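Engineer: The structure under discussion is supplied below as structure tokens; questions concerning it will follow.
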Protein chains: 4
Amino acid sequence: MCRWIAYRGEETALERYVTAPDHSLIQQSLHALESEGATNGDGFGLGWYSESENEPGIYREIRPAWSDENLRHLCRHIRSRLFFAHIRASTGTATTRTNCHPFSYGKWMYMHNGSIGEWPIIRRKVEALIPDDLYPSRIGTTDSEAVFLAMLGAGLEADPVGATARTLATVVNFVKESGTEKPVRFTCALSDGQTLYAFRYASDNTATSLYYRDTGEQVVVVSEPLDMDRTFWKPVPANHLIIAGEDRSVSVQPFAVEPPQLRAVG
Amino acid sequence: MCRWIAYRGEETALERYVTAPDHSLIQQSLHALESEGATNGDGFGLGWYSESENEPGIYREIRPAWSDENLRHLCRHIRSRLFFAHIRASTGTATTRTNCHPFSYGKWMYMHNGSIGEWPIIRRKVEALIPDDLYPSRIGTTDSEAVFLAMLGAGLEADPVGATARTLATVVNFVKESGTEKPVRFTCALSDGQTLYAFRYASDNTATSLYYRDTGEQVVVVSEPLDMDRTFWKPVPANHLIIAGEDRSVSVQPFAVEPPQLRAVG
Amino acid sequence: MCRWIAYRGEETALERYVTAPDHSLIQQSLHALESEGATNGDGFGLGWYSESENEPGIYREIRPAWSDENLRHLCRHIRSRLFFAHIRASTGTATTRTNCHPFSYGKWMYMHNGSIGEWPIIRRKVEALIPDDLYPSRIGTTDSEAVFLAMLGAGLEADPVGATARTLATVVNFVKESGTEKPVRFTCALSDGQTLYAFRYASDNTATSLYYRDTGEQVVVVSEPLDMDRTFWKPVPANHLIIAGEDRSVSVQPFAVEPPQLRAVG
Amino acid sequence: MCRWIAYRGEETALERYVTAPDHSLIQQSLHALESEGATNGDGFGLGWYSESENEPGIYREIRPAWSDENLRHLCRHIRSRLFFAHIRASTGTATTRTNCHPFSYGKWMYMHNGSIGEWPIIRRKVEALIPDDLYPSRIGTTDSEAVFLAMLGAGLEADPVGATARTLATVVNFVKESGTEKPVRFTCALSDGQTLYAFRYASDNTATSLYYRDTGEQVVVVSEPLDMDRTFWKPVPANHLIIAGEDRSVSVQPFAVEPPQLRAVG
């Protein structure tokens with residue numbers, strides 16, 4: 001179980017959300033409160049959009065976030081109007097940079113918290129959903145990256161919500177067929193640089209925590225609130241998604257996982 | 001192109017071959033002589049058999065070998081009668097520990113220098129040769145690891161030379177079908193803890209360098225000689241393998257890559 | 001506050017104490033019980049004596065111990081009759097290998113848990129206790145390494161207990177003069193490869209925890225017990241030291257910190 | 001011997017100078033041309049000024065620059081009108097982030113290429129030049145950082161050129177007294193965020209290479225030219241400094257190292 005934060009709003013230094021708050025992501029790397037494991041020390045990452053570039057910048061590192069001096073410098077100096085930050089608690093895959101979040105493809109950026117059934121059992125089937133032209137982008141070994149590439153293969157660029165629903169439906173079916181009782185827990189953030197999408201879904205009633213705060217100027221979506229003042233933090237209901245668009249609109253919508261529609265490549 | 005050394009003989013400290021010689025593997029990490037690139041700074045690894053354990057010990061690290069203090073300590077303190085050491089020059093895959101050599105599975109240990117056609121194009125086909133029960137052992141993303149797991153799937157444990165030949169034949173065929181003109185270059189070491197096998201093969205006439213020195217007491221197989229006294233270093237001919245057995249016998253044999261016999265899983 | 005373990009006894013694989021027990025050092029890296037901070041994720045180290053070498057082998061790494069695959073391999077394959085293992089929770093200095101424990105000098109090995117007053121204030125004075133010929137061995141920036149080199153300068157090789165007492169007395173005096181109210185807490189292990197010394201000292205009544213278990217065949221000294229069966233684990237009293245000698249004798253003795261006797265170099 | 005680049009001019013993405021040119025700093029990390037060692041693989045660093053912050057951002061890493069994916073992302077996304085980049089070839093100190101360049105203190109930033117006599121012999125004397133209030137900023141162990149802190153102690157903030165001259169004079173005298181024949185070679189860049197200073201000095205006639213290119217819009221100072229078109233790259237003469245000011249003026253001036261004036265602290 002990992003922890004993450006996604007921001008969309010006026011341009012700001014990342015530190016305002018990532019390193020400065022009382023219960024900042026850095027604090028959560030040592031003392032997460034709403035997670036099975038309190039320690040998220042298996043690497044971390046930043047992803048941010050700049051005015052001058054279409055594709056997001058990505059910084060990923062295998063050290064724990066709490067002791068990375070570079071992270072503090074970058075969070076102070078990098079300003080963005082849409083960024084992600086993620087601290088990782090591995091569910092089994094190796095602690096390598098290529099297994100750290102966020103992941104990116106072209107202008108799309110993605111990060112995830114959760115677990116995909118018994119990954120070693122269904123991994124092959126999920127990887128088979130990745131189209132050939134995207135397969136060279138499979139540079140790590142996590143479930144998260146494989147699902148992201150499968151979502152891209154399912155038409156993410158044209159229809160982000162539909163592609164996510166179709167991919168998850170397929171994956172949930174794989175898990176069911178595999179005979180495991182481990183659920184699919186999927187709490188992810190996704191963006192094309194303009195719109196921020198965040199999903200909270202589980203195939204049973206154990207969706208991992210997700211909150212948001214909408215001030216009109218900024219939307220922040222987080223695994224757990226950044227301060228103890230819970231007045232402003234609203235939970236995203238299970239099996240819902242939140243969309244924060246360019247026009248500062250924020251909407252929370254039901255997220256239904258459709259019957260499987262994807263087929264393996266080849 | 002990487003550099004490596006494999007040893008079989010009386011028990012000795014690893015340093016005698018890895019760090020001490022004039023043109024030691026550490027020296028080669030900065031100044032390789034018979035390689036396209038002189039620098040082998042994309043990680044390294046040690047693998048060794050101990051008297052008390054069936055499975056080899058593995059130490060892999062992403063730093064360059066030349067600045068790793070741990071490596072010097074380990075090479076001074078670890079003694080073995082059969083060990084591998086490898087310095088890596090990536091041909092494209094990420095610099096992660098899981099992409100460093102040697103690889104191991106049970107009592108088998110393997111390391112590789114070379115390239116497998118245009119890897120991004122044939123990767124999927126090679127990965128499809130890995131049986132389901134071995135697929136969880138695919139923890140990195142290199143061609144080398146995938147070929148090793150395919151070799152295991154092809155019966156390596158019962159017939160190491162035959163399984164290697166069958167796998168290579170299949171892989172060479174994949175490369176041919178893929179339309180690339182890049183050859184398969186395969187210079188690997190393999191062991192079950194008793195016998196040392198080393199192969200020098202290329203699908204064209206560009207096999208990467210391989211030498212051996214047999215003193216009766218020890219056999220050392222290397223990508224390039226460890227000293228300038230070339231009297232004792234004999235080249236392994238292209239498309240040959242060398243087998244150094246428990247009884248101190250050393251034989252150099254032709255290595256014929258058979259027509260493809262393997263089929264993808266599922 | 002760090003956690004450590006020191007072993008003296010029949011030759012054994014390190015894993016038996018470092019990675020295998022219920023509350024092994026690896027477990028303590030995530031969930032220490034008798035420490036101010038539960039997480040010890042700022043690097044770790046192993047140090048061990050081999051039959052064939054006078055000087056100990058040292059393996060130090062900045063990753064958390066819980067995710068280091070190399071550590072598991074090394075603990076399974078390295079056997080020793082006298083070894084140290086240490087997991088680090090930094091009290092302010094950087095997470096670098098050179099700041100990880102154990103430290104060694106010639107045949108001597110040392111590791112520490114505690115804190116030396118307000119280190120930035122008295123650092124210079126402690127460093128001034130290091131003789132010129134030892135100063136090139138100051139390759140990190142921790143209080144622990146500086147105190148070790150000062151102990152060597154105070155005659156550690158001829159009189160380990162006396163040199164430790166004299167150095168601590170001097171350091172305690174520096175702290176007192178500095179006006180801080182932070183105590184000196186010093187819980188260290190020390191060895192020349194034959195005898196194991198472990199000290200538990202504080203300048204006030206807040207000595208950090210230290211336990212030992214003596215089975216006749218092995219002595220294990222630990223920051224906190226390796227299992228929940230507390231019958232066999234005895235606390236080392238504050239301001240005492242334990243000496244485990246070559247003849248399997250184990251003695252617990254009062255440790256009095258003498259009036260300061262050391263002078264700065266130059 | 002390290003390699004570095006310093007830039008002052010219109011705001012630009014770092015990649016334009018650090019990663020993109022034919023003979024970029026990344027290329028130089030594998031194949032430096034005007035250096036004793038061709039490989040600069042012992043870590044690297046970036047330092048840059050942002051519009052919104054007084055103090056520079058610093059990113060330092062122990063991996064070789066050529067394989068660091070983060071570096072490419074940062075160089076594409078970070079834009080600055082004054083930045084430094086440095087690749088390190090250690091002259092003996094450990095490969096840790098705290099030993100990588102650039103170093104910063106408040107708004108000042110500094111990086112160095114060269115060597116300071118026989119460092120282990122004169123280290124203590126140079127460290128004694130660092131005032132007490134700056135000593136907590138001594139977080140690494142390099143000669144470069146020690147000299148920078150000594151320069152700050154010598155009045156760098158009020159008189160950068162004078163403080164550098166006084167410090168070097170003192171250090172050259174230490175080296176002379178130490179009896180070594182190794183020279184002081186000092187090729188450094190320094191900035192307060194407005195003005196860029198670069199010094200080329202040696203106590204004998206072996207000053208390390210330094211070039212600059214002044215287009216009117218930008219000044220770039222480099223250890224070796226970034227492309228083969230040497231028309232525009234002018235050498236900075238030995239024992240000279242270059243000052244690139246806020247008003248786009250660029251002047252090359254003689255740099256005389258004055259008789260020693262500094263005294264050790266305490």
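Chain lettering (A, B, ...) mirrors the order of the structure tokens, residue numbering begins at 1 for each chain separately, and ligand numbering begins at 1 in order of display.
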Name the residues of region 10-232 of chain C that come out as alpha helix (DSSP H) in a backbone DSSP run; write them as a PyMOL selection string.
Structural biologist: chain C and resi 15-18+25-31+69-77+119-127+143-153+160-178
Engineer: Show which residues sit within 8 Å of Ala38 (chain A), as a PDB file with all heavy atoms, in the first residue's frame. Count only C-alpha atoms, and ignore same-chain residues fewer than 6 positions away.
Structural biologist:
```pdb
ATOM      1  N   GLN A  28       4.221  11.011   5.915  1.00  0.00           N
ATOM      2  CA  GLN A  28       3.528   9.744   5.689  1.00  0.00           C
ATOM      3  C   GLN A  28       4.491   8.624   5.305  1.00  0.00           C
ATOM      4  O   GLN A  28       4.173   7.448   5.490  1.00  0.00           O
ATOM      5  CB  GLN A  28       2.466   9.910   4.596  1.00  0.00           C
ATOM      6  CG  GLN A  28       1.310  10.817   4.996  1.00  0.00           C
ATOM      7  CD  GLN A  28       0.322  11.020   3.855  1.00  0.00           C
ATOM      8  OE1 GLN A  28       0.059  10.111   3.085  1.00  0.00           O
ATOM      9  NE2 GLN A  28      -0.219  12.230   3.742  1.00  0.00           N
ATOM     10  N   SER A  29       5.662   8.983   4.761  1.00  0.00           N
ATOM     11  CA  SER A  29       6.612   7.927   4.396  1.00  0.00           C
ATOM     12  C   SER A  29       7.092   7.195   5.645  1.00  0.00           C
ATOM     13  O   SER A  29       7.404   6.014   5.600  1.00  0.00           O
ATOM     14  CB  SER A  29       7.780   8.489   3.575  1.00  0.00           C
ATOM     15  OG  SER A  29       8.625   9.320   4.344  1.00  0.00           O
ATOM     16  N   LEU A  30       7.105   7.893   6.788  1.00  0.00           N
ATOM     17  CA  LEU A  30       7.472   7.251   8.054  1.00  0.00           C
ATOM     18  C   LEU A  30       6.260   6.827   8.875  1.00  0.00           C
ATOM     19  O   LEU A  30       6.315   5.832   9.592  1.00  0.00           O
ATOM     20  CB  LEU A  30       8.330   8.201   8.906  1.00  0.00           C
ATOM     21  CG  LEU A  30       9.821   8.195   8.635  1.00  0.00           C
ATOM     22  CD1 LEU A  30      10.485   9.340   9.362  1.00  0.00           C
ATOM     23  CD2 LEU A  30      10.441   6.870   9.068  1.00  0.00           C
ATOM     24  N   HIS A  31       5.184   7.603   8.798  1.00  0.00           N
ATOM     25  CA  HIS A  31       4.063   7.387   9.722  1.00  0.00           C
ATOM     26  C   HIS A  31       2.720   7.531   9.027  1.00  0.00           C
ATOM     27  O   HIS A  31       1.933   8.419   9.378  1.00  0.00           O
ATOM     28  CB  HIS A  31       4.120   8.399  10.869  1.00  0.00           C
ATOM     29  CG  HIS A  31       5.383   8.374  11.653  1.00  0.00           C
ATOM     30  ND1 HIS A  31       5.762   7.304  12.437  1.00  0.00           N
ATOM     31  CD2 HIS A  31       6.387   9.285  11.768  1.00  0.00           C
ATOM     32  CE1 HIS A  31       6.932   7.572  13.002  1.00  0.00           C
ATOM     33  NE2 HIS A  31       7.334   8.758  12.609  1.00  0.00           N
ATOM     34  N   ALA A  32       2.435   6.693   8.045  1.00  0.00           N
ATOM     35  CA  ALA A  32       1.110   6.729   7.425  1.00  0.00           C
ATOM     36  C   ALA A  32       0.081   6.276   8.451  1.00  0.00           C
ATOM     37  O   ALA A  32       0.359   5.436   9.314  1.00  0.00           O
ATOM     38  CB  ALA A  32       1.064   5.834   6.198  1.00  0.00           C
TER      39      ALA A  32
END
```
Engineer: Pick out the chain B residues within 9 Å of chain C. Count only C-alpha atoms. Give them as an NGL selection string.
Structural biologist: :B and (49-50 or 52-53 or 56-61 or 69-71 or 73-74 or 76-78)
Engineer: Store the residues picked out above in a file with N, CA and C atoms, as a compact mmCIF listing (two decimals), in the first residue's frame.
Structural biologist:
```txt
# COMPACT_ATOMS: atom_id res chain seq x y z
N TYR B 49 29.47 -20.21 -5.01
CA TYR B 49 28.97 -21.36 -4.27
C TYR B 49 29.76 -21.52 -2.98
N SER B 50 29.04 -21.83 -1.90
CA SER B 50 29.65 -22.09 -0.60
C SER B 50 29.54 -23.57 -0.29
N SER B 52 28.44 -24.80 2.40
CA SER B 52 27.31 -25.10 3.27
C SER B 52 25.95 -24.92 2.61
N GLU B 53 25.92 -24.39 1.39
CA GLU B 53 24.64 -24.08 0.76
C GLU B 53 24.60 -24.64 -0.65
N PRO B 56 23.62 -20.67 -4.92
CA PRO B 56 24.73 -19.71 -4.89
C PRO B 56 24.34 -18.43 -4.16
N GLY B 57 25.33 -17.78 -3.61
CA GLY B 57 25.15 -16.42 -3.09
C GLY B 57 25.27 -15.44 -4.24
N ILE B 58 24.48 -14.37 -4.19
CA ILE B 58 24.48 -13.39 -5.26
C ILE B 58 24.61 -12.00 -4.65
N TYR B 59 25.52 -11.19 -5.19
CA TYR B 59 25.64 -9.80 -4.79
C TYR B 59 25.60 -8.96 -6.06
N ARG B 60 24.60 -8.10 -6.19
CA ARG B 60 24.46 -7.28 -7.40
C ARG B 60 24.26 -5.83 -6.99
N GLU B 61 24.86 -4.95 -7.74
CA GLU B 61 24.84 -3.54 -7.35
C GLU B 61 24.87 -2.66 -8.60
N GLU B 69 33.22 -0.02 -2.42
CA GLU B 69 34.06 -0.51 -1.32
C GLU B 69 33.60 -1.89 -0.87
N ASN B 70 32.29 -2.13 -0.91
CA ASN B 70 31.79 -3.43 -0.49
C ASN B 70 32.39 -4.55 -1.34
N LEU B 71 32.51 -4.30 -2.63
CA LEU B 71 33.03 -5.32 -3.53
C LEU B 71 34.43 -5.76 -3.10
N HIS B 73 35.77 -5.62 -0.11
CA HIS B 73 35.67 -6.41 1.12
C HIS B 73 35.17 -7.82 0.84
N LEU B 74 34.12 -7.90 0.03
CA LEU B 74 33.55 -9.22 -0.23
C LEU B 74 34.55 -10.10 -0.97
N ARG B 76 37.68 -10.05 -0.78
CA ARG B 76 38.76 -10.48 0.11
C ARG B 76 38.28 -11.59 1.06
N HIS B 77 37.01 -11.53 1.45
CA HIS B 77 36.53 -12.44 2.50
C HIS B 77 35.78 -13.66 2.00
N ILE B 78 35.22 -13.57 0.82
CA ILE B 78 34.47 -14.72 0.32
C ILE B 78 35.42 -15.65 -0.42
```
Engineer: Need the shell around Leu226 (chain C): protein/DNA/RNA residues with any atom at most 12 Å away, counting only C-alpha atoms. Skip same-chain ones fewer than 2 positions apart. Format as a PyMOL selection string?
Structural biologist: chain C and resi 3-6+16-28+32-34+210-213+220-224+228-233
Engineer: Would you export the selected residues with C-alpha atoms as an mmCIF file, in the first residue's frame, please?
Structural biologist:
```cif
data_model
loop_
_atom_site.group_PDB
_atom_site.id
_atom_site.type_symbol
_atom_site.label_atom_id
_atom_site.label_comp_id
_atom_site.auth_asym_id
_atom_site.auth_seq_id
_atom_site.Cartn_x
_atom_site.Cartn_y
_atom_site.Cartn_z
ATOM 1 C CA ARG C 3 19.604 -1.137 16.582
ATOM 2 C CA TRP C 4 22.408 -3.673 16.503
ATOM 3 C CA ILE C 5 23.485 -7.201 17.242
ATOM 4 C CA ALA C 6 26.913 -8.622 18.091
ATOM 5 C CA ARG C 16 20.605 -17.358 12.054
ATOM 6 C CA TYR C 17 20.647 -14.096 13.999
ATOM 7 C CA VAL C 18 20.295 -11.269 11.493
ATOM 8 C CA THR C 19 17.453 -12.296 9.189
ATOM 9 C CA ALA C 20 15.774 -15.469 10.526
ATOM 10 C CA PRO C 21 14.478 -14.737 14.070
ATOM 11 C CA ASP C 22 10.911 -13.558 14.694
ATOM 12 C CA HIS C 23 12.112 -10.169 15.784
ATOM 13 C CA SER C 24 15.259 -10.223 13.672
ATOM 14 C CA LEU C 25 17.266 -7.126 12.932
ATOM 15 C CA ILE C 26 15.451 -6.978 9.579
ATOM 16 C CA GLN C 27 12.130 -6.898 11.433
ATOM 17 C CA GLN C 28 13.507 -4.233 13.745
ATOM 18 C CA ALA C 32 11.743 -1.578 16.530
ATOM 19 C CA LEU C 33 10.070 -1.851 19.924
ATOM 20 C CA GLU C 34 12.443 -0.323 22.455
ATOM 21 C CA LEU C 210 21.040 -3.475 25.754
ATOM 22 C CA TYR C 211 20.510 -7.200 26.350
ATOM 23 C CA TYR C 212 22.576 -10.328 26.103
ATOM 24 C CA ARG C 213 22.049 -14.066 25.932
ATOM 25 C CA VAL C 220 24.654 -12.580 21.567
ATOM 26 C CA VAL C 221 24.444 -8.908 22.568
ATOM 27 C CA VAL C 222 21.512 -6.957 21.156
ATOM 28 C CA SER C 223 19.746 -3.602 21.348
ATOM 29 C CA GLU C 224 16.525 -5.498 21.806
ATOM 30 C CA MET C 228 9.531 -12.705 22.551
ATOM 31 C CA ASP C 229 10.890 -15.403 24.839
ATOM 32 C CA ARG C 230 12.453 -13.040 27.307
ATOM 33 C CA THR C 231 13.564 -15.782 29.689
ATOM 34 C CA PHE C 232 17.010 -16.004 28.191
ATOM 35 C CA TRP C 233 17.626 -12.357 27.485
#
```
Engineer: When you draw a straight line from CA of Met109 (chain D) to CA of Lys234 (chain D), how long is it in Å?
Structural biologist: 24.0 Å
Engineer: So how far away is CA of Arg263 (chain C) from CA of Lys125 (chain C), in Å?
Structural biologist: 9.6 Å
Engineer: Pick out each residue of region 59-251 of chain A that DSSP on the backbone tags as strand (DSSP E); I need them as a ChimeraX atom specification.
Structural biologist: /A:59-61,79-87,103-105,108-116,184-191,196-202,211-214,218-222,234-235,240-244,250-251
Engineer: Tell me which protein, DNA and RNA residues are within 10 Å of region 166-175 of chain B, counting only C-alpha atoms, leaving out same-chain ones fewer than 5 positions away, and put them as a PyMOL selection string.
Structural biologist: chain B and resi 116-119+121-123+125-126+129+147-156+161+180-186+201-203+256-263
Engineer: Measure the distance from CA of Tyr197 (chain C) to CA of Thr95 (chain C) in Å and round it to one decimal.
Structural biologist: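 Interatomic distance here is 26.7 Å.
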